[in-house]
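Participant: Please see the structure below; I have some questions.
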Amino acid sequence: MSYHAQTGRSAPLGATVYPEGTNFSIFSKHASAVELLLFDAGDHSTPLKVFRLDPEANKTFYYWHIFVEGVHEGQLYGWKVYGPYAPEIGYYFDGNKLLTDPYARAVVMDTYERAAAIQPGDNTAKAIKSVVVANGSYDWEGDRPLNHPYSHSIIYELHVGGFTKHESSGVDDKLRGTYRGLIEKIPYLQALGINSVELMPVQQFDPADVPDSNLTNYWGYSPIALFAPHTGYASTDDPVGAINEFRDMVKALHRAGIEVILDVVFNHTGEGGADGPILSFKSIENRAYYMLDEHYHYRNYSGTGNTLNANHSVVRRLIRDCLRYWVDEMHVDGFRFDLASILSRDEAGRPVQNPPILWEIESDPVLAPTKIIAEAWDVQQYQLGNFVGDKWAEWNGAYRDDIRRFLKGDQGMTQIAANRINASPDLFGKLLRDPNRSINFVTCHDGFTLNDQVSYNQKHNWANGEDNRDGHNDNHSWNCGAEGPTKDLVVQQRRMRQVKNHLTLLLLSQGTPMLLMGDEVRRTQRGNNNAYCQDNELSWFDWGAVEEHKDILRFTRELIQLNLKTPYFQEQFYWNSPKALGGSRCQFGGVRNNHPDWSHHSHTLSYTLKNRAYPYRMHVMVNAYWEHLNFQIPKPKGGQPWKRIINTAVESPNDILSFEDAPVIRGGGVYVNARSVVVLVDGQ
């Protein structure tokens with residue numbers, strides 16, 4: 001095929017398809033020369049055509065551009081950018097390396113070798129290839145993002161690959177671990193009561209970005225193509241088909257009433273530090289894309305070797321363009337921003353009061369309907385409760401830590417736990433956001449699963465090949481009397497009770513609850529609390545557990561329905577807020593009704609939820625003590641007796657009951673077993 005080139009235009013960035021051909025544009029301020037390479041779809045190793053861009057005709061300001069007639073969707077391409085290779089002044093230009101377009105909508109990974117991107121020499125044959133993609137060709141069939149309000153959201157953190165990769169999933173071998181495989185499991189999510197999935201990274205990442213070549217980057221927190229869906233989750237080899245499979249998944253989830261939130265990584269890339277590979281940004285314009293110190297060394301606020309320079313004007317534009325693309329072209333409903341505190345740093349790495357990129361995300365009209373959720377910390381700063389703006393929600397890491405500590409029996413935690421149950425007004429109240437912007441969780445991908453939280457005192461990360469040095473050391477976990485699997489029936493019973501205690505408080509707290517994939521069936525990672533490199537059965541969802549732990553699955557389902565159907569957990573104001581005229585009230589107590597014990601040695605907490613507009617009250621009693629206690633309860637209202645709908649100390653199915661089936665409580669007190677939670681309802 002003969003290709004005819006024209007000057008092209010600087011905008012839009014990336015590859016833009018027109019009827020006559022495709023315009024290519026890339027930013028590079030200090031490059032001395034730029035080449036565009038085109039590849040045949042059947043032979044990715046040798047370029048079909050190399051265009052050397054003329055700096056006079058094909059460059060406008062800092063943008064290099066070219067229009068190539070006859071190039072359409074599906075064309076493979078890459079960039080080579082020439083200039084000084086001088087790390088001592090922050091330049092990593094290397095014309096031997098084929099580079100991924102920062103705006104690539106799809107990539108081909110089948111010949112990629114990470115080592116070739118690290119070692120000196122030409123890596124063209126073994127590099128990632130970008131793919132030309134035309135916008136607007138997919139039939140969405142009227143689909144629109146759902147954008148559920150936080151107050152009606154139950155979030156489920158889910159790994160696309162790990163959800164169906166296990167052979168027990170029953171998914172066809174070709175579809176296991178894929179976007180299409182996930183579609184087959186949507187009925188399970190619906191039955192559980194999930195209406196929002198938070199997908200761990202699906203931006204194209206490098207599976208080989210791990211310290212040990214025998215392992216795999218499973219989690220995906222090392223992106224290399226921010227606009228491109230990860231090809232490893234596609235059942236097709238067609239890169240454009242991979243995009244459409246992602247869209248099919250989103251469309252199917254929307255039809256089921258489930259919104260899609262993406263866990264996005266704009267704080268670092270898979271290029272690592274000075275010794276890392278050259279894949280894209282590093283050889284395009286290192287000093288713009290990454291934060292460097294006064295000696296031009298990489299600032300490392302991510303813990304991965306580099307930090308994206310998120311408040312540089314070019315990087316800000318990249319982030320906003322990327323987010324808009326995922327909303328406009330992929331129909332996602334929101335984003336969870338990994339290590340979002342990095343986005344609050346200026347180009348010198350200093351935290352600033354009004355970070356431009358965070359305000360631009362908050363005020364962008366395209367993003368206005370979406371959820372934006374911050375992981376409000378990085379490796380050096382913790383901004384929980386102090387994140388900017390009016391729109392941001394935050395992963396509440398304090399909720400996780402404090403509820404864990406309270407339930408395992410740590411001292412001095414009762415009043416702190418009360419604040420967490422009440423959507424953490426001590427942290428978020430001053431931000432004037434609604435309480436549901438607190439994303440409550442007791443587990444997430446980073447750390448123990450819920451089963452392991454109650455089964456291990458120590459992490460067991462030996463399989464990661466880092467001598468058990470990786471992962472958090474302080475998990476606030478308790479093994480209930482034995483480390484790991486045990487046949488001790490007393491320990492097993494204690495663990496079951498603790499699992500239900502964590503789930504009960506999570507679903508009966510104010511704020512937006514988030515569950516970790518598999519916690520509802522006691523998924524275990526055998527004590528590994530940092531399974532980032534374990535793309536195997538250690539991390540995957542074992543569907544055999546659905547039957548094995550059907551009691552916990554039922555308990556979780558019923559709790560979710562209780563949350564969604566109980567108006568106390570859909571309030572837009574904090575319980576007891578003076579702004580909520582006629583709103584709900586929460587009265588805390590302990591073993592004595594309305595008399596909370598905030599002392600250092602207290603392990604008991606109760607709370608009563610009431611609202612004159614609702615026909616019933618709810619009374620929750622938590623005994624985190626190691627002995628049985630008798631709790632005083634409020635007087636019945638209007639002659640209607642209290643009924644016990646939850647008791648985590650009893651076996652299924654009596655651990656959670658409908659109001660109609662729940663036993664009536666006589667007298668003024670309730671016996672609450674050691675380390676258990678009892679919930680009463682009256683007035684229905």
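In the structure tokens, the first chain shown is A, the next is B, and so on; residue numbers restart at 1 for each chain, and ligands run from 1 in the order shown.
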Name the residues in contact with A:Tyr112 at a cut-off of 6 Å, using only C-alpha atoms, excluding same-chain residues fewer than 5 positions from it; report them as an NGL selection string.

Facilitator: :A and (126-128)

Participant: Output N, CA and C atoms of each residue in that selection to a file, as a PDB file, in the first residue's frame.

Facilitator:
```
ATOM      1  N   LYS A 126       9.726  -5.671  19.353  1.00  0.00           N
ATOM      2  CA  LYS A 126       9.209  -6.191  20.614  1.00  0.00           C
ATOM      3  C   LYS A 126       8.499  -5.122  21.438  1.00  0.00           C
ATOM      4  N   ALA A 127       8.015  -4.102  20.759  1.00  0.00           N
ATOM      5  CA  ALA A 127       7.372  -2.983  21.449  1.00  0.00           C
ATOM      6  C   ALA A 127       5.849  -3.079  21.369  1.00  0.00           C
ATOM      7  N   ILE A 128       5.188  -2.351  22.244  1.00  0.00           N
ATOM      8  CA  ILE A 128       3.738  -2.191  22.185  1.00  0.00           C
ATOM      9  C   ILE A 128       3.406  -1.352  20.956  1.00  0.00           C
TER      10      ILE A 128
END
```

Participant: Write out as a count of residues only which residues come within 10 Å of A:Gly389 when counting only C-alpha atoms, dropping same-chain ones fewer than 2 positions away.

Facilitator: 14

Participant: Excluding A:Pro87 and its own-chain neighbours fewer than 5 positions away, which residues fall within 12 Å of it when counting only C-alpha atoms? Please give them as a list in words.

Facilitator: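 Answer for this query is Tyr92, Phe93, Asp94, Gly273, Ala274, Asp275, Lys282, Ser283, Asn286, Arg287, Leu292, His295, Tyr296, His297 and Tyr298 of chain A.
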
Participant: Excluding stretch 656-670 of chain A and its own-chain neighbours fewer than 3 positions away, which residues fall within 7 Å of it when counting only C-alpha atoms? Please give them as a PDB file with N, CA and C atoms, in the first residue's frame.

Facilitator:
```pdb
ATOM      1  N   PHE A 555     -26.732 -13.948  54.409  1.00  0.00           N
ATOM      2  CA  PHE A 555     -26.670 -12.889  55.418  1.00  0.00           C
ATOM      3  C   PHE A 555     -26.330 -11.556  54.761  1.00  0.00           C
ATOM      4  N   ASN A 630     -25.895  -7.960  79.270  1.00  0.00           N
ATOM      5  CA  ASN A 630     -27.302  -7.618  79.121  1.00  0.00           C
ATOM      6  C   ASN A 630     -27.424  -6.135  78.791  1.00  0.00           C
ATOM      7  N   PHE A 631     -28.075  -5.811  77.667  1.00  0.00           N
ATOM      8  CA  PHE A 631     -28.249  -4.433  77.209  1.00  0.00           C
ATOM      9  C   PHE A 631     -29.665  -3.962  77.516  1.00  0.00           C
ATOM     10  N   GLN A 632     -29.756  -2.808  78.125  1.00  0.00           N
ATOM     11  CA  GLN A 632     -31.060  -2.158  78.295  1.00  0.00           C
ATOM     12  C   GLN A 632     -31.517  -1.645  76.932  1.00  0.00           C
ATOM     13  N   ILE A 633     -32.822  -1.717  76.662  1.00  0.00           N
ATOM     14  CA  ILE A 633     -33.330  -1.252  75.372  1.00  0.00           C
ATOM     15  C   ILE A 633     -34.380  -0.171  75.585  1.00  0.00           C
ATOM     16  N   LYS A 635     -37.914   1.885  75.476  1.00  0.00           N
ATOM     17  CA  LYS A 635     -39.286   1.429  75.658  1.00  0.00           C
ATOM     18  C   LYS A 635     -39.970   1.301  74.299  1.00  0.00           C
ATOM     19  N   PRO A 641     -44.211  -3.815  70.001  1.00  0.00           N
ATOM     20  CA  PRO A 641     -43.029  -4.412  70.631  1.00  0.00           C
ATOM     21  C   PRO A 641     -41.815  -4.384  69.696  1.00  0.00           C
ATOM     22  N   TRP A 642     -40.649  -4.457  70.314  1.00  0.00           N
ATOM     23  CA  TRP A 642     -39.422  -4.624  69.538  1.00  0.00           C
ATOM     24  C   TRP A 642     -39.364  -6.046  68.982  1.00  0.00           C
ATOM     25  N   LYS A 643     -38.780  -6.186  67.795  1.00  0.00           N
ATOM     26  CA  LYS A 643     -38.512  -7.497  67.220  1.00  0.00           C
ATOM     27  C   LYS A 643     -37.026  -7.597  66.873  1.00  0.00           C
ATOM     28  N   ARG A 644     -36.464  -8.773  67.090  1.00  0.00           N
ATOM     29  CA  ARG A 644     -35.035  -8.958  66.813  1.00  0.00           C
ATOM     30  C   ARG A 644     -34.858  -9.467  65.385  1.00  0.00           C
ATOM     31  N   ILE A 645     -34.323  -8.621  64.527  1.00  0.00           N
ATOM     32  CA  ILE A 645     -34.145  -9.018  63.124  1.00  0.00           C
ATOM     33  C   ILE A 645     -32.736  -9.535  62.841  1.00  0.00           C
ATOM     34  N   ILE A 646     -31.746  -9.178  63.683  1.00  0.00           N
ATOM     35  CA  ILE A 646     -30.372  -9.647  63.481  1.00  0.00           C
ATOM     36  C   ILE A 646     -29.785 -10.077  64.819  1.00  0.00           C
ATOM     37  N   ASN A 647     -29.136 -11.215  64.811  1.00  0.00           N
ATOM     38  CA  ASN A 647     -28.317 -11.654  65.936  1.00  0.00           C
ATOM     39  C   ASN A 647     -27.140 -12.433  65.353  1.00  0.00           C
ATOM     40  N   PRO A 653     -30.633 -19.953  59.400  1.00  0.00           N
ATOM     41  CA  PRO A 653     -31.110 -18.678  58.875  1.00  0.00           C
ATOM     42  C   PRO A 653     -31.637 -17.719  59.941  1.00  0.00           C
TER      43      PRO A 653
END
```

Participant: Excluding A:Asp237 and any residue of its chain fewer than 5 positions from it, enumerate the residues within 9 Å of it, using only C-alpha atoms, and give them as an MDAnalysis selection string.

Facilitator: chainID A and resid 108 110 231 242

Participant: Would you mind listing what lies within 7 Å of stretch 306-313 of chain A as a list in words, with only C-alpha atoms counted and same-chain residues fewer than 3 positions away left out?

Facilitator: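 What passes the distance filter is Phe266, Asn267, His268, Gly272, Gly273, Ala288, Tyr289, Tyr290, Met291, Tyr298, Arg299, Asn300, Tyr301, Ser302, Arg316, Arg317, Leu343, Asp346, Glu347, Pro356 and Ile357 of chain A.
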
Participant: Among stretch 392-424 of chain A, which ones does DSSP place in strand (DSSP E or B), written as a ChimeraX atom specification?

Facilitator: /A:393-395,422

Participant: So that I can check the surroundings of A:Ala418, please list as a PyMOL selection string every protein, DNA and RNA residue that reaches within 9 Å of it, counting only C-alpha atoms and ignoring chain neighbours fewer than 4 positions away.

Facilitator: chain A and resi 413-414+422-424+588+605-607

Participant: Would you mind exporting the chosen residues as a PDB file, in the first residue's frame, restricted to N, CA, C and O atoms?

Facilitator:
```pdb
ATOM      1  N   MET A 413     -11.684   2.714  71.765  1.00  0.00           N
ATOM      2  CA  MET A 413     -12.220   2.804  70.406  1.00  0.00           C
ATOM      3  C   MET A 413     -13.720   3.072  70.341  1.00  0.00           C
ATOM      4  O   MET A 413     -14.246   3.305  69.252  1.00  0.00           O
ATOM      5  N   THR A 414     -14.415   3.072  71.457  1.00  0.00           N
ATOM      6  CA  THR A 414     -15.876   3.121  71.399  1.00  0.00           C
ATOM      7  C   THR A 414     -16.390   4.425  70.806  1.00  0.00           C
ATOM      8  O   THR A 414     -17.228   4.430  69.891  1.00  0.00           O
ATOM      9  N   ASN A 422     -21.460   6.978  62.219  1.00  0.00           N
ATOM     10  CA  ASN A 422     -22.222   8.186  61.894  1.00  0.00           C
ATOM     11  C   ASN A 422     -21.583   8.955  60.735  1.00  0.00           C
ATOM     12  O   ASN A 422     -21.626  10.173  60.677  1.00  0.00           O
ATOM     13  N   ALA A 423     -20.919   8.244  59.792  1.00  0.00           N
ATOM     14  CA  ALA A 423     -20.326   8.839  58.582  1.00  0.00           C
ATOM     15  C   ALA A 423     -19.178   9.789  58.879  1.00  0.00           C
ATOM     16  O   ALA A 423     -18.886  10.692  58.109  1.00  0.00           O
ATOM     17  N   SER A 424     -18.541   9.610  60.012  1.00  0.00           N
ATOM     18  CA  SER A 424     -17.314  10.337  60.363  1.00  0.00           C
ATOM     19  C   SER A 424     -17.460  11.856  60.299  1.00  0.00           C
ATOM     20  O   SER A 424     -16.726  12.548  59.594  1.00  0.00           O
ATOM     21  N   PHE A 588     -26.898   7.568  70.838  1.00  0.00           N
ATOM     22  CA  PHE A 588     -25.934   6.544  71.222  1.00  0.00           C
ATOM     23  C   PHE A 588     -26.112   6.166  72.686  1.00  0.00           C
ATOM     24  O   PHE A 588     -26.516   6.975  73.524  1.00  0.00           O
ATOM     25  N   LEU A 605     -21.381  -0.617  72.597  1.00  0.00           N
ATOM     26  CA  LEU A 605     -21.978   0.539  71.933  1.00  0.00           C
ATOM     27  C   LEU A 605     -23.374   0.152  71.461  1.00  0.00           C
ATOM     28  O   LEU A 605     -23.598  -0.957  70.976  1.00  0.00           O
ATOM     29  N   SER A 606     -24.304   1.069  71.660  1.00  0.00           N
ATOM     30  CA  SER A 606     -25.629   0.891  71.071  1.00  0.00           C
ATOM     31  C   SER A 606     -26.049   2.205  70.427  1.00  0.00           C
ATOM     32  O   SER A 606     -25.525   3.268  70.781  1.00  0.00           O
ATOM     33  N   TYR A 607     -26.951   2.109  69.470  1.00  0.00           N
ATOM     34  CA  TYR A 607     -27.492   3.345  68.886  1.00  0.00           C
ATOM     35  C   TYR A 607     -28.909   3.096  68.377  1.00  0.00           C
ATOM     36  O   TYR A 607     -29.229   2.032  67.862  1.00  0.00           O
TER      37      TYR A 607
END
```

Participant: Tell me which of A:Asp434, A:Asp519, A:Asp40, A:Glu571 sits closest to A:Val546, counting only C-alpha atoms.

Facilitator: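 Checking each candidate against A:Val546, we get A:Asp519 as the closest.
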
Participant: Choose the residue, out of A:Gln492, A:Ser509, A:Asn461, A:Gln570, that has the smallest atom-to-atom separation from A:Ala531; count only C-alpha atoms.

Facilitator: A:Asn461

Participant: Each residue of stretch 543-610 of chain A with at least one atom at most 12 Å from stretch 497-505 of chain A should appear once, together with its nearest atom pair and the corresponding distance in Å (one decimal); atoms considered: only C-alpha atoms; ordering: chain, then increasing residue number; output as JSON lines.

Facilitator:
```
{"residue": "A:His549", "atom": "CA", "partner": "A:Val499", "partner_atom": "CA", "distance": 11.8}
{"residue": "A:Asp551", "atom": "CA", "partner": "A:Lys500", "partner_atom": "CA", "distance": 10.3}
{"residue": "A:Ile552", "atom": "CA", "partner": "A:Lys500", "partner_atom": "CA", "distance": 7.5}
{"residue": "A:Leu553", "atom": "CA", "partner": "A:Lys500", "partner_atom": "CA", "distance": 10.4}
{"residue": "A:Arg554", "atom": "CA", "partner": "A:Lys500", "partner_atom": "CA", "distance": 11.0}
{"residue": "A:Phe555", "atom": "CA", "partner": "A:Lys500", "partner_atom": "CA", "distance": 7.7}
{"residue": "A:Thr556", "atom": "CA", "partner": "A:Leu503", "partner_atom": "CA", "distance": 7.1}
{"residue": "A:Arg557", "atom": "CA", "partner": "A:Leu503", "partner_atom": "CA", "distance": 10.5}
{"residue": "A:Glu558", "atom": "CA", "partner": "A:Thr504", "partner_atom": "CA", "distance": 10.2}
{"residue": "A:Leu559", "atom": "CA", "partner": "A:Thr504", "partner_atom": "CA", "distance": 6.9}
{"residue": "A:Ile560", "atom": "CA", "partner": "A:Thr504", "partner_atom": "CA", "distance": 9.4}
{"residue": "A:Gln561", "atom": "CA", "partner": "A:Thr504", "partner_atom": "CA", "distance": 12.0}
{"residue": "A:Leu562", "atom": "CA", "partner": "A:Thr504", "partner_atom": "CA", "distance": 10.2}
{"residue": "A:Asn563", "atom": "CA", "partner": "A:Thr504", "partner_atom": "CA", "distance": 9.9}
{"residue": "A:Phe569", "atom": "CA", "partner": "A:Leu505", "partner_atom": "CA", "distance": 12.0}
{"residue": "A:Leu605", "atom": "CA", "partner": "A:Leu505", "partner_atom": "CA", "distance": 11.4}
{"residue": "A:Ser606", "atom": "CA", "partner": "A:Leu505", "partner_atom": "CA", "distance": 11.3}
{"residue": "A:Tyr607", "atom": "CA", "partner": "A:Leu505", "partner_atom": "CA", "distance": 11.4}
```

Participant: Generate a file of the selected residues that holds all heavy atoms, formatted as a compact mmCIF listing (two decimals), in the first residue's frame.

Facilitator:
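Writing done, so here's part-v5.txt:
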```txt
# COMPACT_ATOMS: atom_id res chain seq x y z
N HIS A 549 -20.32 -21.41 51.40
CA HIS A 549 -20.60 -20.36 52.38
C HIS A 549 -21.91 -19.64 52.05
O HIS A 549 -22.02 -18.42 52.14
CB HIS A 549 -19.44 -19.36 52.40
CG HIS A 549 -18.16 -19.94 52.90
ND1 HIS A 549 -17.99 -20.38 54.19
CD2 HIS A 549 -16.98 -20.18 52.27
CE1 HIS A 549 -16.77 -20.85 54.35
NE2 HIS A 549 -16.13 -20.74 53.20
N ASP A 551 -24.47 -19.51 53.74
CA ASP A 551 -25.04 -18.85 54.91
C ASP A 551 -24.59 -17.39 54.99
O ASP A 551 -25.40 -16.49 55.24
CB ASP A 551 -24.69 -19.61 56.18
CG ASP A 551 -23.21 -19.98 56.28
OD1 ASP A 551 -22.45 -19.67 55.33
OD2 ASP A 551 -22.81 -20.57 57.30
N ILE A 552 -23.30 -17.16 54.77
CA ILE A 552 -22.79 -15.78 54.79
C ILE A 552 -23.30 -15.01 53.57
O ILE A 552 -23.61 -13.81 53.66
CB ILE A 552 -21.25 -15.77 54.82
CG1 ILE A 552 -20.77 -16.17 56.22
CG2 ILE A 552 -20.69 -14.39 54.47
CD1 ILE A 552 -21.11 -15.17 57.30
N LEU A 553 -23.40 -15.68 52.44
CA LEU A 553 -23.94 -15.04 51.24
C LEU A 553 -25.36 -14.57 51.49
O LEU A 553 -25.72 -13.42 51.17
CB LEU A 553 -23.89 -16.01 50.06
CG LEU A 553 -24.48 -15.51 48.74
CD1 LEU A 553 -23.76 -14.25 48.26
CD2 LEU A 553 -24.42 -16.60 47.68
N ARG A 554 -26.19 -15.43 52.08
CA ARG A 554 -27.56 -15.03 52.40
C ARG A 554 -27.57 -13.87 53.38
O ARG A 554 -28.33 -12.90 53.22
CB ARG A 554 -28.31 -16.22 52.99
CG ARG A 554 -29.69 -15.86 53.53
CD ARG A 554 -30.33 -16.99 54.31
NE ARG A 554 -31.55 -16.53 54.95
CZ ARG A 554 -31.60 -15.95 56.14
NH1 ARG A 554 -30.47 -15.76 56.83
NH2 ARG A 554 -32.75 -15.55 56.65
N PHE A 555 -26.73 -13.95 54.41
CA PHE A 555 -26.67 -12.89 55.42
C PHE A 555 -26.33 -11.56 54.76
O PHE A 555 -26.94 -10.52 55.06
CB PHE A 555 -25.62 -13.26 56.46
CG PHE A 555 -25.56 -12.33 57.64
CD1 PHE A 555 -26.42 -12.50 58.71
CD2 PHE A 555 -24.64 -11.29 57.69
CE1 PHE A 555 -26.38 -11.65 59.81
CE2 PHE A 555 -24.58 -10.44 58.78
CZ PHE A 555 -25.46 -10.62 59.84
N THR A 556 -25.37 -11.56 53.84
CA THR A 556 -24.95 -10.33 53.17
C THR A 556 -26.07 -9.79 52.28
O THR A 556 -26.33 -8.58 52.26
CB THR A 556 -23.69 -10.58 52.32
OG1 THR A 556 -22.68 -11.20 53.13
CG2 THR A 556 -23.15 -9.27 51.76
N ARG A 557 -26.73 -10.68 51.54
CA ARG A 557 -27.84 -10.25 50.69
C ARG A 557 -28.93 -9.55 51.51
O ARG A 557 -29.44 -8.49 51.13
CB ARG A 557 -28.45 -11.46 49.97
CG ARG A 557 -27.63 -12.02 48.83
CD ARG A 557 -28.28 -13.30 48.32
NE ARG A 557 -27.60 -13.84 47.16
CZ ARG A 557 -27.79 -15.07 46.69
NH1 ARG A 557 -28.63 -15.89 47.32
NH2 ARG A 557 -27.15 -15.50 45.63
N GLU A 558 -29.29 -10.18 52.63
CA GLU A 558 -30.36 -9.61 53.45
C GLU A 558 -29.93 -8.27 54.05
O GLU A 558 -30.74 -7.34 54.18
CB GLU A 558 -30.76 -10.60 54.54
CG GLU A 558 -31.38 -11.89 54.03
CD GLU A 558 -32.63 -11.64 53.22
OE1 GLU A 558 -33.44 -10.78 53.62
OE2 GLU A 558 -32.80 -12.30 52.17
N LEU A 559 -28.66 -8.16 54.45
CA LEU A 559 -28.16 -6.89 54.98
C LEU A 559 -28.23 -5.79 53.93
O LEU A 559 -28.60 -4.64 54.23
CB LEU A 559 -26.72 -7.05 55.45
CG LEU A 559 -26.48 -7.45 56.91
CD1 LEU A 559 -24.99 -7.65 57.14
CD2 LEU A 559 -27.02 -6.39 57.87
N ILE A 560 -27.84 -6.12 52.70
CA ILE A 560 -27.87 -5.12 51.63
C ILE A 560 -29.31 -4.65 51.40
O ILE A 560 -29.57 -3.44 51.25
CB ILE A 560 -27.26 -5.70 50.34
CG1 ILE A 560 -25.74 -5.84 50.51
CG2 ILE A 560 -27.58 -4.82 49.14
CD1 ILE A 560 -25.06 -6.55 49.36
N GLN A 561 -30.25 -5.58 51.37
CA GLN A 561 -31.65 -5.18 51.19
C GLN A 561 -32.14 -4.32 52.35
O GLN A 561 -32.90 -3.36 52.15
CB GLN A 561 -32.52 -6.42 51.01
CG GLN A 561 -32.29 -7.15 49.71
CD GLN A 561 -32.43 -6.23 48.51
OE1 GLN A 561 -33.42 -5.50 48.37
NE2 GLN A 561 -31.43 -6.24 47.64
N LEU A 562 -31.71 -4.66 53.56
CA LEU A 562 -32.08 -3.85 54.72
C LEU A 562 -31.54 -2.44 54.58
O LEU A 562 -32.24 -1.46 54.87
CB LEU A 562 -31.54 -4.51 55.99
CG LEU A 562 -31.89 -3.83 57.32
CD1 LEU A 562 -33.40 -3.80 57.54
CD2 LEU A 562 -31.20 -4.54 58.48
N ASN A 563 -30.31 -2.31 54.11
CA ASN A 563 -29.73 -1.00 53.90
C ASN A 563 -30.51 -0.20 52.85
O ASN A 563 -30.84 0.98 53.07
CB ASN A 563 -28.26 -1.15 53.46
CG ASN A 563 -27.59 0.16 53.12
OD1 ASN A 563 -27.84 0.75 52.07
ND2 ASN A 563 -26.73 0.63 54.00
N PHE A 569 -30.54 5.05 56.04
CA PHE A 569 -29.26 4.93 55.34
C PHE A 569 -29.28 5.61 53.97
O PHE A 569 -28.34 5.48 53.20
CB PHE A 569 -28.88 3.45 55.23
CG PHE A 569 -28.88 2.77 56.56
CD1 PHE A 569 -29.85 1.82 56.86
CD2 PHE A 569 -27.97 3.11 57.54
CE1 PHE A 569 -29.89 1.21 58.10
CE2 PHE A 569 -28.00 2.51 58.78
CZ PHE A 569 -28.96 1.56 59.07
N LEU A 605 -21.38 -0.62 72.60
CA LEU A 605 -21.98 0.54 71.93
C LEU A 605 -23.37 0.15 71.46
O LEU A 605 -23.60 -0.96 70.98
CB LEU A 605 -21.13 0.97 70.73
CG LEU A 605 -21.60 2.19 69.95
CD1 LEU A 605 -21.50 3.46 70.79
CD2 LEU A 605 -20.79 2.35 68.66
N SER A 606 -24.30 1.07 71.66
CA SER A 606 -25.63 0.89 71.07
C SER A 606 -26.05 2.21 70.43
O SER A 606 -25.53 3.27 70.78
CB SER A 606 -26.65 0.46 72.14
OG SER A 606 -26.83 1.50 73.10
N TYR A 607 -26.95 2.11 69.47
CA TYR A 607 -27.49 3.35 68.89
C TYR A 607 -28.91 3.10 68.38
O TYR A 607 -29.23 2.03 67.86
CB TYR A 607 -26.59 3.92 67.79
CG TYR A 607 -26.24 3.03 66.63
CD1 TYR A 607 -26.89 3.17 65.39
CD2 TYR A 607 -25.24 2.08 66.73
CE1 TYR A 607 -26.53 2.38 64.30
CE2 TYR A 607 -24.87 1.29 65.65
CZ TYR A 607 -25.54 1.45 64.43
OH TYR A 607 -25.18 0.67 63.35
```

Participant: Step one, run DSSP on the backbone; step two, keep only residues of stretch 465-643 of chain A assigned to helix (DSSP H, G or I); then write them as a PyMOL selection string.

Facilitator: chain A and resi 489-507+519-521+545-548+550-565+567-570

Participant: Let me make sure I understand: among A:Val379, A:Ala115, A:Ala86, A:Ile155, which one has the smallest atom-to-atom distance to A:Cys444 if we use only C-alpha atoms?

Facilitator: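 Between A:Val379, A:Ala115, A:Ala86, A:Ile155, the residue approaching A:Cys444 most closely is A:Ile155.
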
Participant: For a quick check of understanding, using only C-alpha atoms, which of A:Tyr77, A:Tyr188, A:Tyr532, A:Phe406 has the smallest distance to A:Thr216?

Facilitator: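 Answer, going by the shortest atom-to-atom distance: A:Tyr532.
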
Participant: Of the candidates A:Val160, A:Leu323, A:Leu199, A:Ile372, which shows the shortest atom-to-atom distance to A:Asp263, using only C-alpha atoms?

Facilitator: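 For A:Asp263, the nearest of the given residues is A:Leu199.
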
Participant: Choose the residue, out of A:Trp478, A:Phe67, A:Tyr233, A:Phe428, that has the smallest atom-to-atom separation from A:Gly409; count only C-alpha atoms.

Facilitator: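 Closest to A:Gly409, using only C-alpha atoms: A:Trp478.
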